[in-house]
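Enquirer: So that you have it, the file is model_9.pdb, and it contains PDB, C-alpha atoms and all ligand atoms:
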ATOM      1  CA  MET A   1       7.612  41.207  -6.845
ATOM      2  CA  SER A   2       6.944  38.346  -9.226
ATOM      3  CA  ALA A   3       4.602  39.069 -12.130
ATOM      4  CA  SER A   4       3.052  35.607 -11.840
ATOM      5  CA  SER A   5       0.590  36.486  -9.072
ATOM      6  CA  THR A   6      -1.150  39.462  -7.553
ATOM      7  CA  PRO A   7       0.361  40.462  -4.224
ATOM      8  CA  ALA A   8      -1.815  39.282  -1.354
ATOM      9  CA  ALA A   9      -2.513  41.610   1.523
ATOM     10  CA  THR A  10      -2.239  39.132   4.396
ATOM     11  CA  VAL A  11      -0.804  35.714   5.181
ATOM     12  CA  GLU A  12      -4.291  34.211   5.047
ATOM     13  CA  ALA A  13      -5.081  35.843   1.699
ATOM     14  CA  ALA A  14      -1.793  34.547   0.297
ATOM     15  CA  ARG A  15      -2.586  31.032   1.456
ATOM     16  CA  ARG A  16      -6.060  31.129  -0.100
ATOM     17  CA  SER A  17      -4.919  32.590  -3.369
ATOM     18  CA  LEU A  18      -2.167  29.977  -3.609
ATOM     19  CA  ALA A  19      -4.597  27.145  -2.878
ATOM     20  CA  GLN A  20      -6.767  28.439  -5.713
ATOM     21  CA  ARG A  21      -3.822  28.493  -8.135
ATOM     22  CA  PHE A  22      -2.921  24.964  -7.113
ATOM     23  CA  ARG A  23      -6.539  23.821  -7.518
ATOM     24  CA  HIS A  24      -6.697  25.270 -11.018
ATOM     25  CA  ALA A  25      -3.429  23.528 -11.848
ATOM     26  CA  GLY A  26      -4.991  20.187 -10.835
ATOM     27  CA  LEU A  27      -2.707  19.412  -7.876
ATOM     28  CA  ASP A  28      -3.984  16.616  -5.620
ATOM     29  CA  ALA A  29      -3.874  18.470  -2.304
ATOM     30  CA  PRO A  30      -4.081  22.197  -3.092
ATOM     31  CA  GLU A  31      -5.069  23.358   0.399
ATOM     32  CA  LEU A  32      -2.418  21.370   2.200
ATOM     33  CA  ASP A  33       0.324  22.256  -0.274
ATOM     34  CA  ALA A  34      -0.566  25.957  -0.070
ATOM     35  CA  ARG A  35      -0.464  25.890   3.720
ATOM     36  CA  LEU A  36       2.867  24.086   3.798
ATOM     37  CA  ILE A  37       4.426  26.402   1.233
ATOM     38  CA  VAL A  38       3.282  29.608   2.926
ATOM     39  CA  GLY A  39       4.434  28.229   6.282
ATOM     40  CA  HIS A  40       7.804  27.159   4.884
ATOM     41  CA  ALA A  41       8.383  30.482   3.113
ATOM     42  CA  LEU A  42       7.583  32.446   6.259
ATOM     43  CA  GLY A  43       9.223  30.053   8.702
ATOM     44  CA  LEU A  44       5.926  29.433  10.501
ATOM     45  CA  ASP A  45       4.530  26.109  11.684
ATOM     46  CA  HIS A  46       0.841  25.237  11.454
ATOM     47  CA  ALA A  47      -0.108  26.898  14.752
ATOM     48  CA  ALA A  48       1.926  30.053  14.079
ATOM     49  CA  LEU A  49       0.451  30.324  10.600
ATOM     50  CA  ALA A  50      -3.060  30.283  12.051
ATOM     51  CA  ALA A  51      -2.112  32.725  14.806
ATOM     52  CA  ARG A  52      -0.601  35.209  12.334
ATOM     53  CA  SER A  53      -3.112  34.815   9.538
ATOM     54  CA  ARG A  54      -3.904  38.546   9.506
ATOM     55  CA  ARG A  55      -0.293  39.638   9.403
ATOM     56  CA  PRO A  56       0.402  41.840   6.365
ATOM     57  CA  LEU A  57       2.698  40.193   3.857
ATOM     58  CA  ALA A  58       5.984  41.943   3.018
ATOM     59  CA  ASP A  59       7.141  41.971  -0.611
ATOM     60  CA  ALA A  60      10.041  39.682   0.284
ATOM     61  CA  ASP A  61       7.592  37.179   1.823
ATOM     62  CA  ALA A  62       5.401  37.242  -1.279
ATOM     63  CA  ASP A  63       8.476  36.647  -3.462
ATOM     64  CA  ALA A  64       9.563  33.713  -1.307
ATOM     65  CA  ILE A  65       6.075  32.180  -1.567
ATOM     66  CA  ASP A  66       6.030  32.704  -5.335
ATOM     67  CA  ALA A  67       9.406  31.028  -5.772
ATOM     68  CA  LEU A  68       8.274  27.924  -3.889
ATOM     69  CA  ALA A  69       4.878  27.933  -5.619
ATOM     70  CA  ALA A  70       6.580  27.938  -9.030
ATOM     71  CA  ARG A  71       8.465  24.779  -8.033
ATOM     72  CA  ARG A  72       5.256  23.026  -6.948
ATOM     73  CA  LEU A  73       3.492  24.123 -10.155
ATOM     74  CA  ALA A  74       6.380  22.487 -12.046
ATOM     75  CA  ARG A  75       5.296  19.313 -10.171
ATOM     76  CA  GLU A  76       8.194  19.181  -7.744
ATOM     77  CA  PRO A  77       6.950  17.079  -4.800
ATOM     78  CA  MET A  78       6.296  18.844  -1.510
ATOM     79  CA  ALA A  79       8.858  16.646   0.261
ATOM     80  CA  ARG A  80      11.590  17.946  -2.068
ATOM     81  CA  ILE A  81      10.497  21.559  -1.645
ATOM     82  CA  LEU A  82      10.490  21.166   2.132
ATOM     83  CA  GLY A  83      13.655  19.011   2.015
ATOM     84  CA  ARG A  84      12.202  16.522   4.483
ATOM     85  CA  LYS A  85       9.887  13.543   4.693
ATOM     86  CA  GLU A  86       8.498  11.608   7.621
ATOM     87  CA  PHE A  87       9.056   7.861   7.461
ATOM     88  CA  TRP A  88       8.063   5.435  10.220
ATOM     89  CA  GLY A  89       7.621   8.469  12.468
ATOM     90  CA  LEU A  90      11.205   9.616  11.793
ATOM     91  CA  ASP A  91      11.986  13.017  10.295
ATOM     92  CA  LEU A  92      14.373  12.400   7.386
ATOM     93  CA  ALA A  93      16.232  15.114   5.477
ATOM     94  CA  LEU A  94      16.426  14.657   1.707
ATOM     95  CA  ASP A  95      18.457  15.950  -1.158
ATOM     96  CA  ALA A  96      18.437  15.608  -4.932
ATOM     97  CA  GLU A  97      20.184  12.195  -4.798
ATOM     98  CA  THR A  98      17.828  10.525  -2.316
ATOM     99  CA  LEU A  99      14.513   8.951  -3.181
ATOM    100  CA  VAL A 100      11.603  10.458  -1.261
ATOM    101  CA  PRO A 101      10.767   7.594   1.133
ATOM    102  CA  ARG A 102       7.315   6.204   0.327
ATOM    103  CA  PRO A 103       4.566   5.181   2.759
ATOM    104  CA  GLU A 104       4.380   1.737   1.129
ATOM    105  CA  THR A 105       8.012   1.112   2.098
ATOM    106  CA  GLU A 106       6.808   1.041   5.707
ATOM    107  CA  THR A 107       5.341  -2.359   4.746
ATOM    108  CA  VAL A 108       8.952  -3.599   4.502
ATOM    109  CA  VAL A 109       9.638  -2.387   8.047
ATOM    110  CA  GLU A 110       6.479  -4.135   9.286
ATOM    111  CA  ALA A 111       7.393  -7.369   7.480
ATOM    112  CA  THR A 112      10.938  -7.273   8.876
ATOM    113  CA  LEU A 113       9.768  -6.786  12.454
ATOM    114  CA  ALA A 114       7.186  -9.549  11.983
ATOM    115  CA  ALA A 115       9.871 -11.852  10.524
ATOM    116  CA  LEU A 116      11.896 -11.294  13.660
ATOM    117  CA  GLY A 117       9.029 -12.703  15.616
ATOM    118  CA  ARG A 118       8.959 -12.646  19.377
ATOM    119  CA  ALA A 119       9.154  -9.409  21.328
ATOM    120  CA  ASP A 120      12.502 -10.377  22.908
ATOM    121  CA  GLY A 121      13.982 -10.155  19.409
ATOM    122  CA  SER A 122      13.966  -6.389  19.730
ATOM    123  CA  ARG A 123      16.755  -6.495  22.356
ATOM    124  CA  ARG A 124      19.018  -8.950  20.552
ATOM    125  CA  ALA A 125      22.387  -7.839  19.174
ATOM    126  CA  LEU A 126      21.192  -8.163  15.598
ATOM    127  CA  ARG A 127      23.217  -7.238  12.554
ATOM    128  CA  ILE A 128      21.260  -5.454   9.811
ATOM    129  CA  ALA A 129      22.227  -4.447   6.271
ATOM    130  CA  ASP A 130      20.163  -2.133   4.038
ATOM    131  CA  LEU A 131      21.192  -2.462   0.386
ATOM    132  CA  GLY A 132      20.473   0.763  -1.557
ATOM    133  CA  THR A 133      19.844   2.807   1.576
ATOM    134  CA  GLY A 134      19.066   6.222  -0.004
ATOM    135  CA  SER A 135      18.072   8.545   2.847
ATOM    136  CA  GLY A 136      18.659   5.648   5.268
ATOM    137  CA  ALA A 137      14.905   5.153   5.672
ATOM    138  CA  LEU A 138      14.777   1.377   6.148
ATOM    139  CA  LEU A 139      17.925   1.021   8.213
ATOM    140  CA  LEU A 140      17.092   3.928  10.528
ATOM    141  CA  ALA A 141      13.481   2.792  11.010
ATOM    142  CA  LEU A 142      14.706  -0.672  12.020
ATOM    143  CA  LEU A 143      17.403   0.681  14.338
ATOM    144  CA  SER A 144      14.791   2.904  15.976
ATOM    145  CA  GLU A 145      12.732  -0.216  16.761
ATOM    146  CA  LEU A 146      15.564  -2.592  17.675
ATOM    147  CA  PRO A 147      17.753  -1.057  20.396
ATOM    148  CA  GLY A 148      20.189  -3.997  20.432
ATOM    149  CA  ALA A 149      20.817  -3.881  16.692
ATOM    150  CA  ALA A 150      23.559  -2.284  14.628
ATOM    151  CA  GLY A 151      23.511  -1.905  10.880
ATOM    152  CA  ILE A 152      25.148  -0.851   7.683
ATOM    153  CA  GLY A 153      23.636   0.906   4.671
ATOM    154  CA  THR A 154      25.110   0.661   1.191
ATOM    155  CA  ASP A 155      24.560   2.803  -1.879
ATOM    156  CA  THR A 156      26.405   3.786  -5.036
ATOM    157  CA  SER A 157      25.484   7.458  -4.538
ATOM    158  CA  LEU A 158      27.951   9.288  -2.283
ATOM    159  CA  PRO A 159      25.586  12.249  -1.690
ATOM    160  CA  ALA A 160      22.866   9.782  -0.634
ATOM    161  CA  LEU A 161      25.281   8.075   1.767
ATOM    162  CA  ARG A 162      26.288  11.443   3.253
ATOM    163  CA  ARG A 163      22.615  12.284   3.704
ATOM    164  CA  ALA A 164      21.846   8.917   5.319
ATOM    165  CA  CYS A 165      24.795   9.391   7.667
ATOM    166  CA  ALA A 166      23.573  12.877   8.644
ATOM    167  CA  ASN A 167      20.068  11.497   9.201
ATOM    168  CA  ALA A 168      21.472   8.796  11.495
ATOM    169  CA  ALA A 169      23.280  11.474  13.508
ATOM    170  CA  ALA A 170      20.223  13.734  13.699
ATOM    171  CA  LEU A 171      18.149  10.832  15.027
ATOM    172  CA  GLY A 172      20.739   9.818  17.634
ATOM    173  CA  LEU A 173      21.394   6.520  15.834
ATOM    174  CA  ALA A 174      24.917   7.235  14.520
ATOM    175  CA  ALA A 175      26.631   4.953  17.042
ATOM    176  CA  ARG A 176      24.780   1.953  15.616
ATOM    177  CA  ALA A 177      24.740   2.895  11.919
ATOM    178  CA  SER A 178      27.518   2.881   9.372
ATOM    179  CA  PHE A 179      27.475   3.456   5.629
ATOM    180  CA  VAL A 180      29.586   2.217   2.767
ATOM    181  CA  ALA A 181      29.731   2.935  -0.964
ATOM    182  CA  CYS A 182      29.390  -0.323  -2.869
ATOM    183  CA  ASP A 183      27.260  -2.282  -5.261
ATOM    184  CA  TYR A 184      24.439  -3.651  -3.034
ATOM    185  CA  GLY A 185      26.023  -6.338  -0.772
ATOM    186  CA  THR A 186      29.273  -6.939  -2.647
ATOM    187  CA  ALA A 187      31.599  -5.333  -0.072
ATOM    188  CA  LEU A 188      29.842  -6.791   2.980
ATOM    189  CA  GLN A 189      30.631  -9.830   5.049
ATOM    190  CA  GLY A 190      28.154 -12.049   6.861
ATOM    191  CA  PRO A 191      26.603 -13.283   8.951
ATOM    192  CA  ILE A 192      23.792 -10.732   8.726
ATOM    193  CA  ASP A 193      20.540 -11.355  10.584
ATOM    194  CA  LEU A 194      18.307  -8.956   8.668
ATOM    195  CA  LEU A 195      19.075  -8.055   5.102
ATOM    196  CA  VAL A 196      16.631  -5.480   3.718
ATOM    197  CA  SER A 197      16.342  -3.673   0.426
ATOM    198  CA  ASN A 198      14.065  -1.472  -1.591
ATOM    199  CA  PRO A 199      16.036  -1.650  -4.836
ATOM    200  CA  PRO A 200      15.218   0.367  -7.948
ATOM    201  CA  TYR A 201      12.511  -1.751  -9.604
ATOM    202  CA  VAL A 202      10.856   0.250 -12.371
ATOM    203  CA  ALA A 203      11.328  -1.301 -15.819
ATOM    204  CA  ARG A 204      13.400   1.239 -17.765
ATOM    205  CA  GLY A 205      10.811   1.561 -20.519
ATOM    206  CA  ASP A 206       8.117   2.471 -17.962
ATOM    207  CA  ILE A 207       9.962   5.415 -16.410
ATOM    208  CA  ALA A 208       8.794   7.930 -19.035
ATOM    209  CA  ALA A 209       5.147   7.205 -18.137
ATOM    210  CA  LEU A 210       5.585   7.804 -14.377
ATOM    211  CA  PRO A 211       3.939  10.889 -12.834
ATOM    212  CA  PRO A 212       6.166  13.980 -13.269
ATOM    213  CA  GLU A 213       6.653  14.208  -9.488
ATOM    214  CA  VAL A 214       8.505  10.878  -9.680
ATOM    215  CA  ARG A 215       9.971  10.868 -13.207
ATOM    216  CA  ASP A 216      11.397  14.379 -13.082
ATOM    217  CA  PHE A 217      12.504  14.585  -9.447
ATOM    218  CA  ASP A 218      13.413  11.181  -8.007
ATOM    219  CA  PRO A 219      16.968  10.191  -8.920
ATOM    220  CA  TRP A 220      17.170   7.977 -12.018
ATOM    221  CA  ARG A 221      19.372   5.484 -10.236
ATOM    222  CA  ALA A 222      16.714   5.044  -7.535
ATOM    223  CA  LEU A 223      14.094   4.135 -10.152
ATOM    224  CA  ASP A 224      15.828   2.290 -12.975
ATOM    225  CA  GLY A 225      15.581  -1.466 -12.512
ATOM    226  CA  GLY A 226      16.929  -2.270 -15.972
ATOM    227  CA  PRO A 227      14.975  -3.593 -18.972
ATOM    228  CA  ASP A 228      12.597  -5.774 -16.903
ATOM    229  CA  GLY A 229      12.862  -3.970 -13.541
ATOM    230  CA  LEU A 230      14.664  -6.914 -11.943
ATOM    231  CA  ASN A 231      18.365  -5.953 -12.215
ATOM    232  CA  GLY A 232      18.606  -4.891  -8.565
ATOM    233  CA  TYR A 233      17.058  -8.150  -7.355
ATOM    234  CA  ARG A 234      19.491 -10.174  -9.519
ATOM    235  CA  ALA A 235      22.454  -8.304  -8.045
ATOM    236  CA  ILE A 236      21.191  -8.839  -4.498
ATOM    237  CA  ALA A 237      20.506 -12.532  -5.194
ATOM    238  CA  ALA A 238      24.174 -13.011  -6.114
ATOM    239  CA  ASP A 239      25.240 -12.217  -2.521
ATOM    240  CA  ALA A 240      22.205 -12.914  -0.353
ATOM    241  CA  ARG A 241      22.888 -16.530   0.580
ATOM    242  CA  ARG A 242      26.563 -15.766   1.360
ATOM    243  CA  LEU A 243      25.603 -12.861   3.618
ATOM    244  CA  LEU A 244      22.630 -14.243   5.529
ATOM    245  CA  ALA A 245      23.015 -15.829   8.967
ATOM    246  CA  PRO A 246      21.465 -19.338   9.109
ATOM    247  CA  GLY A 247      18.386 -18.086  10.971
ATOM    248  CA  GLY A 248      18.349 -14.747   9.156
ATOM    249  CA  ALA A 249      15.863 -13.193   6.772
ATOM    250  CA  LEU A 250      16.034 -11.138   3.605
ATOM    251  CA  VAL A 251      13.151  -8.685   3.227
ATOM    252  CA  LEU A 252      12.584  -7.000  -0.121
ATOM    253  CA  GLU A 253      10.227  -4.345  -1.364
ATOM    254  CA  LEU A 254       8.430  -5.425  -4.543
ATOM    255  CA  GLY A 255       7.028  -3.418  -7.419
ATOM    256  CA  ARG A 256       3.495  -4.152  -8.528
ATOM    257  CA  GLY A 257       3.221  -7.622 -10.084
ATOM    258  CA  GLN A 258       6.828  -8.633  -9.338
ATOM    259  CA  TYR A 259       6.210 -11.292  -6.674
ATOM    260  CA  ALA A 260       6.441 -14.399  -8.864
ATOM    261  CA  ALA A 261       9.531 -13.302 -10.806
ATOM    262  CA  VAL A 262      11.418 -12.173  -7.684
ATOM    263  CA  ALA A 263      10.454 -15.306  -5.710
ATOM    264  CA  GLU A 264      11.785 -17.439  -8.580
ATOM    265  CA  LEU A 265      15.092 -15.537  -8.710
ATOM    266  CA  PHE A 266      15.746 -16.090  -5.027
ATOM    267  CA  THR A 267      14.507 -19.685  -4.921
ATOM    268  CA  ALA A 268      17.190 -20.403  -7.503
ATOM    269  CA  VAL A 269      19.904 -19.232  -5.068
ATOM    270  CA  GLY A 270      18.604 -21.209  -2.083
ATOM    271  CA  LEU A 271      16.219 -18.783  -0.395
ATOM    272  CA  ALA A 272      12.640 -19.773   0.368
ATOM    273  CA  PRO A 273       9.953 -17.097  -0.206
ATOM    274  CA  GLU A 274       7.047 -16.575   2.174
ATOM    275  CA  ALA A 275       3.637 -15.229   1.169
ATOM    276  CA  PRO A 276       4.039 -11.524   0.280
ATOM    277  CA  ARG A 277       2.783  -8.844   2.650
ATOM    278  CA  PRO A 278       0.346  -6.381   1.038
ATOM    279  CA  ASP A 279       0.562  -2.619   1.443
ATOM    280  CA  LEU A 280      -2.451  -0.444   2.272
ATOM    281  CA  ALA A 281      -3.524  -0.510  -1.387
ATOM    282  CA  GLY A 282      -3.553  -4.327  -1.342
ATOM    283  CA  ILE A 283      -0.464  -4.616  -3.566
ATOM    284  CA  ALA A 284       1.988  -7.439  -2.711
ATOM    285  CA  ARG A 285       4.734  -5.154  -1.418
ATOM    286  CA  ALA A 286       7.125  -6.915   0.961
ATOM    287  CA  LEU A 287       8.674 -10.343   0.505
ATOM    288  CA  VAL A 288      10.422 -12.255   3.291
ATOM    289  CA  LEU A 289      12.899 -14.930   2.209
ATOM    290  CA  ARG A 290      14.902 -17.292   4.422
ATOM    291  CA  PRO A 291      17.784 -19.630   3.694
ATOM    292  CA  SER A 292      16.411 -23.014   2.607
ATOM    293  CA  PRO A 293      17.596 -25.873   4.823
TER     294      PRO A 293
HETATM  295  C1  LIG B 301      14.273   2.804  -4.589
HETATM  296  S1  LIG B 301      15.650   3.629  -3.853
HETATM  297  C2  LIG B 301      15.398   3.181  -2.140
HETATM  298  C3  LIG B 301      15.994   4.149  -1.164
HETATM  299  C4  LIG B 301      15.621   3.841   0.309
HETATM  300  N1  LIG B 301      16.058   2.533   0.699
HETATM  301  C5  LIG B 301      14.125   3.944   0.506
HETATM  302  O1  LIG B 301      13.467   2.917   0.622
HETATM  303  O2  LIG B 301      13.596   5.067   0.537
HETATM  304  C6  LIG B 301      16.976   2.611  -4.362
HETATM  305  C7  LIG B 301      18.361   3.028  -3.865
HETATM  306  O3  LIG B 301      19.313   2.095  -4.398
HETATM  307  C8  LIG B 301      20.470   2.822  -4.764
HETATM  308  N2  LIG B 301      21.193   2.022  -5.764
HETATM  309  C9  LIG B 301      21.003   1.960  -7.107
HETATM  310  N3  LIG B 301      21.859   1.105  -7.661
HETATM  311  C10 LIG B 301      22.599   0.590  -6.642
HETATM  312  C11 LIG B 301      23.658  -0.359  -6.576
HETATM  313  N4  LIG B 301      24.129  -0.953  -7.686
HETATM  314  N5  LIG B 301      24.190  -0.657  -5.371
HETATM  315  C12 LIG B 301      23.720  -0.044  -4.250
HETATM  316  N6  LIG B 301      22.719   0.859  -4.248
HETATM  317  C13 LIG B 301      22.172   1.177  -5.428
HETATM  318  C14 LIG B 301      19.954   4.140  -5.274
HETATM  319  O4  LIG B 301      20.969   5.118  -5.277
HETATM  320  C15 LIG B 301      18.831   4.401  -4.287
HETATM  321  O5  LIG B 301      19.301   5.112  -3.171
END
Would you give me this structure, written as structure tokens?
Ligand SMILES: C[S@@+](CC[C@H](N)C(=O)[O-])C[C@H]1O[C@@H](n2cnc3c(N)ncnc32)[C@H](O)[C@@H]1O
Expert:
Amino acid sequence: MSASSTPAATVEAARRSLAQRFRHAGLDAPELDARLIVGHALGLDHAALAARSRRPLADADADAIDALAARRLAREPMARILGRKEFWGLDLALDAETLVPRPETETVVEATLAALGRADGSRRALRIADLGTGSGALLLALLSELPGAAGIGTDTSLPALRRACANAAALGLAARASFVACDYGTALQGPIDLLVSNPPYVARGDIAALPPEVRDFDPWRALDGGPDGLNGYRAIAADARRLLAPGGALVLELGRGQYAAVAELFTAVGLAPEAPRPDLAGIARALVLRPSP
């Protein structure tokens, strides 16, 4: 038994005592985190947890809860502790080399589907590429919406590519998804109808000030956008025009305040920016660019 907490008599008591520890530690969602951790440690979903709330807790169960609680108290995000995150309604497995997919990245999926336009677009034999695919979030969300499409995800992290590939298989999308290790779009050939990317875009000097959940647990290479945060966009700009089909679109996720600088970079290589699409917080988050005539 760990010395860090008093053993709780029942599942419910353990959940409450954990929520209290999390509240005292200043976590944002102490009740939810406590419920998820107790459920994960005991292998119980929400309904089973409620149904077995009076079950006495074995020492081994209490130890398992304590071990997970210690990770959360060290500010490890819940998605990493659980090893999964929902994105666009898809259950994605994660590992240490994949960014935890963010809700605001769903704005890129929305912008891409909107850029495609008419409903019949969803059945077309589109070719998609996701540059810096991580867990595969963007590519797999788009393939789930576009049954006629096939796509490729690139990354420089082999563990991330293996994870994305496994996620594609788990979601029944493997036949339409492939993955390749390369620098953004360098190894790809066009024409590509939908080019999407959520590149690393944090200015290197800002990483130290990020919340510990991000700074200490998301992979450095998924965050570091170079001195001004724009290195990933520059690398993508070098290949975007070559890769895009004439009627195609490039859709990028933007960091806060990056719209003007990114639009300028891509205008210089012959892509015309549209008005950015805001996320739920009102931040300009997704940018659609099309080849200039
Ligand atoms: C911000 S994360 C986005 C991950 C995923 N697309 C998402 O939205 O959740 C950026 C990704 O780009 C990858 N990456 C970094 N440098 C890269 C490069 N030079 N070429 C390709 N991918 C790169 C990282 O490994 C990481 O998976």
Enquirer: Once 3 Å is added on each side, what centre and edge lengths in Å to one decimal does the axis-aligned box around all listed atoms of range 72-89 of chain A have, as AutoDock Vina command-line options?
Expert:
--center_x 8.6 --center_y 14.8 --center_z 0.2 --size_x 16.2 --size_y 24.7 --size_z 30.5
Enquirer: Could the residues of chain A that have an atom at most 6 Å from ligand LIG 301 (chain B) be listed as CSV, each with its closest atom pair and the distance in Å to one decimal, counting only C-alpha atoms and all ligand atoms and ordered by chain and ascending residue number?
Expert:
residue,atom,partner,partner_atom,distance
A:Thr98,CA,B:LIG301,O5,5.7
A:Leu99,CA,B:LIG301,C3,5.4
A:Pro101,CA,B:LIG301,O2,3.8
A:Thr105,CA,B:LIG301,O1,5.9
A:Leu131,CA,B:LIG301,C12,5.8
A:Gly132,CA,B:LIG301,O3,3.3
A:Thr133,CA,B:LIG301,N1,3.9
A:Gly134,CA,B:LIG301,O5,3.4
A:Ser135,CA,B:LIG301,C4,5.9
A:Ala137,CA,B:LIG301,O2,5.3
A:Leu138,CA,B:LIG301,N1,5.7
A:Thr154,CA,B:LIG301,C12,5.7
A:Asp155,CA,B:LIG301,N6,3.6
A:Thr156,CA,B:LIG301,C12,4.7
A:Ser157,CA,B:LIG301,O4,5.1
A:Cys182,CA,B:LIG301,N5,5.8
A:Asp183,CA,B:LIG301,N5,3.5
A:Tyr184,CA,B:LIG301,N5,3.8
A:Asn198,CA,B:LIG301,C2,4.9
A:Pro199,CA,B:LIG301,C6,4.4
A:Pro200,CA,B:LIG301,C1,4.3
A:Arg221,CA,B:LIG301,C9,5.0
A:Ala222,CA,B:LIG301,C15,3.9
A:Leu223,CA,B:LIG301,C1,5.7
Enquirer: What gap, in Å, lies between CA of Leu94 in chain A and CA of Ala170 in chain A?
Expert: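 Calculated distance between CA of Leu94 in chain A and CA of Ala170 in chain A is 12.6 Å.
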Enquirer: Have a look at A:Glu12, A:Asp279, A:Asp228, A:Asp33 and name the one nearest to Arg75 in chain A; count all atoms listed in the file.
Expert: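 Using all atoms listed in the file, the shortest distance to Arg75 in chain A belongs to A:Asp33.
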Enquirer: Apply the PyMOL selection byres (((chain A and resi 128) around 8) and not hetatm) to the structure shown and report the selected residues as JSON, numbers by chain.
Expert: {"A": [126, 127, 129, 130, 139, 149, 150, 151, 152, 192, 193, 194, 195, 196]}
Enquirer: Give as a PyMOL selection string the residues that the PyMOL selection byres (((chain A and resi 205) around 12) and not hetatm) matches when applied to the coordinates above.
Expert: chain A and resi 201-204+206-210+215+223-229
Enquirer: For C-alpha atoms, I'd like the residues from the last selection saved as a PDB file, in the coordinates of the input.
Expert:
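Dumped everything to again13.pdb:
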ATOM      1  CA  TYR A 201      12.511  -1.751  -9.604  1.00  0.00           C
ATOM      2  CA  VAL A 202      10.856   0.250 -12.371  1.00  0.00           C
ATOM      3  CA  ALA A 203      11.328  -1.301 -15.819  1.00  0.00           C
ATOM      4  CA  ARG A 204      13.400   1.239 -17.765  1.00  0.00           C
ATOM      5  CA  ASP A 206       8.117   2.471 -17.962  1.00  0.00           C
ATOM      6  CA  ILE A 207       9.962   5.415 -16.410  1.00  0.00           C
ATOM      7  CA  ALA A 208       8.794   7.930 -19.035  1.00  0.00           C
ATOM      8  CA  ALA A 209       5.147   7.205 -18.137  1.00  0.00           C
ATOM      9  CA  LEU A 210       5.585   7.804 -14.377  1.00  0.00           C
ATOM     10  CA  ARG A 215       9.971  10.868 -13.207  1.00  0.00           C
ATOM     11  CA  LEU A 223      14.094   4.135 -10.152  1.00  0.00           C
ATOM     12  CA  ASP A 224      15.828   2.290 -12.975  1.00  0.00           C
ATOM     13  CA  GLY A 225      15.581  -1.466 -12.512  1.00  0.00           C
ATOM     14  CA  GLY A 226      16.929  -2.270 -15.972  1.00  0.00           C
ATOM     15  CA  PRO A 227      14.975  -3.593 -18.972  1.00  0.00           C
ATOM     16  CA  ASP A 228      12.597  -5.774 -16.903  1.00  0.00           C
ATOM     17  CA  GLY A 229      12.862  -3.970 -13.541  1.00  0.00           C
TER      18      GLY A 229
END
Enquirer: Would you compute the distance between CA of Pro212 in chain A and CA of Arg277 in chain A? Give it in Å to one decimal.
Expert: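 Straight-line distance from CA of Pro212 in chain A to CA of Arg277 in chain A works out to 28.0 Å.
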Enquirer: Any idea what the distance is between CA of Ala275 in chain A and CA of Val288 in chain A?
Expert: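 Those two atoms sit 7.7 Å apart.
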Enquirer: Could you tell me, as an NGL selection string, exactly which residues end up selected when the PyMOL selection byres (((chain A and resi 32) around 12) and not hetatm) is applied to this structure?
Expert: :A and (15-16 or 18-20 or 22-23 or 27-31 or 33-39 or 46 or 78)
Enquirer: Quick one: of A:Gly89, A:Gly83, A:Pro293, A:Pro211, who's nearest to Gly247 in chain A, counting only C-alpha atoms?
Expert: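 Among A:Gly89, A:Gly83, A:Pro293, A:Pro211, it is A:Pro293 that comes nearest to Gly247 in chain A.
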Enquirer: Could you pull the residues within 6 Å of range 267-274 of chain A, counting only C-alpha atoms, minus those fewer than 5 positions along the same chain, as a PyMOL selection string?
Expert: chain A and resi 288-292
Enquirer: May I ask which of the residues A:Ala69, A:Ala93, A:Ala245, A:Ala141 is the closest one to Thr107 in chain A, counting only C-alpha atoms?
Expert: A:Ala141
Enquirer: Given only C-alpha atoms, how would the per-residue table for range 57-121 of chain A near range 253-258 of chain A read, listing every residue at most 12 Å away with its closest atom pair and distance in Å to one decimal, sorted by chain and number, as a tab-separated table?
Expert:
residue	atom	partner	partner_atom	distance
A:Arg102	CA	A:Glu253	CA	11.1
A:Pro103	CA	A:Glu253	CA	11.8
A:Glu104	CA	A:Glu253	CA	8.8
A:Thr105	CA	A:Glu253	CA	6.8
A:Glu106	CA	A:Glu253	CA	9.5
A:Thr107	CA	A:Glu253	CA	8.1
A:Val108	CA	A:Glu253	CA	6.0
A:Val109	CA	A:Glu253	CA	9.6
A:Glu110	CA	A:Glu253	CA	11.3
A:Ala111	CA	A:Glu253	CA	9.8
A:Thr112	CA	A:Glu253	CA	10.7
Enquirer: Given the choices A:Arg80, A:His24, A:Arg54, A:Arg234, which gets closest to Asp216 in chain A if the distance is worked out from only C-alpha atoms?
Expert: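 The shortest atom-to-atom distance to Asp216 in chain A comes from A:Arg80.
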Enquirer: Which residues, written as a PyMOL selection string, have at least one atom at most 10 Å from Arg162 in chain A, with all atoms listed in the file counted and residues fewer than 2 positions away on the same chain left out?
Expert: chain A and resi 134-136+157-160+164-168+179-180
Enquirer: What's around Pro191 in chain A at 9 Å? Count all atoms listed in the file, leave out sequence neighbours fewer than 3 positions away in its own chain, and write the answer as a ChimeraX atom specification.
Expert: /A:127,242-246,248
Enquirer: Compare A:Arg55, A:Leu142, A:Leu49, A:Leu116 by their minimum atom-to-atom distance to Phe87 in chain A, counting only C-alpha atoms, and give me the closest one.
Expert: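 Once distances to Phe87 in chain A are computed over only C-alpha atoms, the minimum belongs to A:Leu142.
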Enquirer: Tell me which of A:Leu90, A:Ile65, A:Val262, A:Ala169 sits closest to Ser144 in chain A, counting all atoms listed in the file.
Expert: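 Using all atoms listed in the file, Ser144 in chain A sits closest to A:Leu90.
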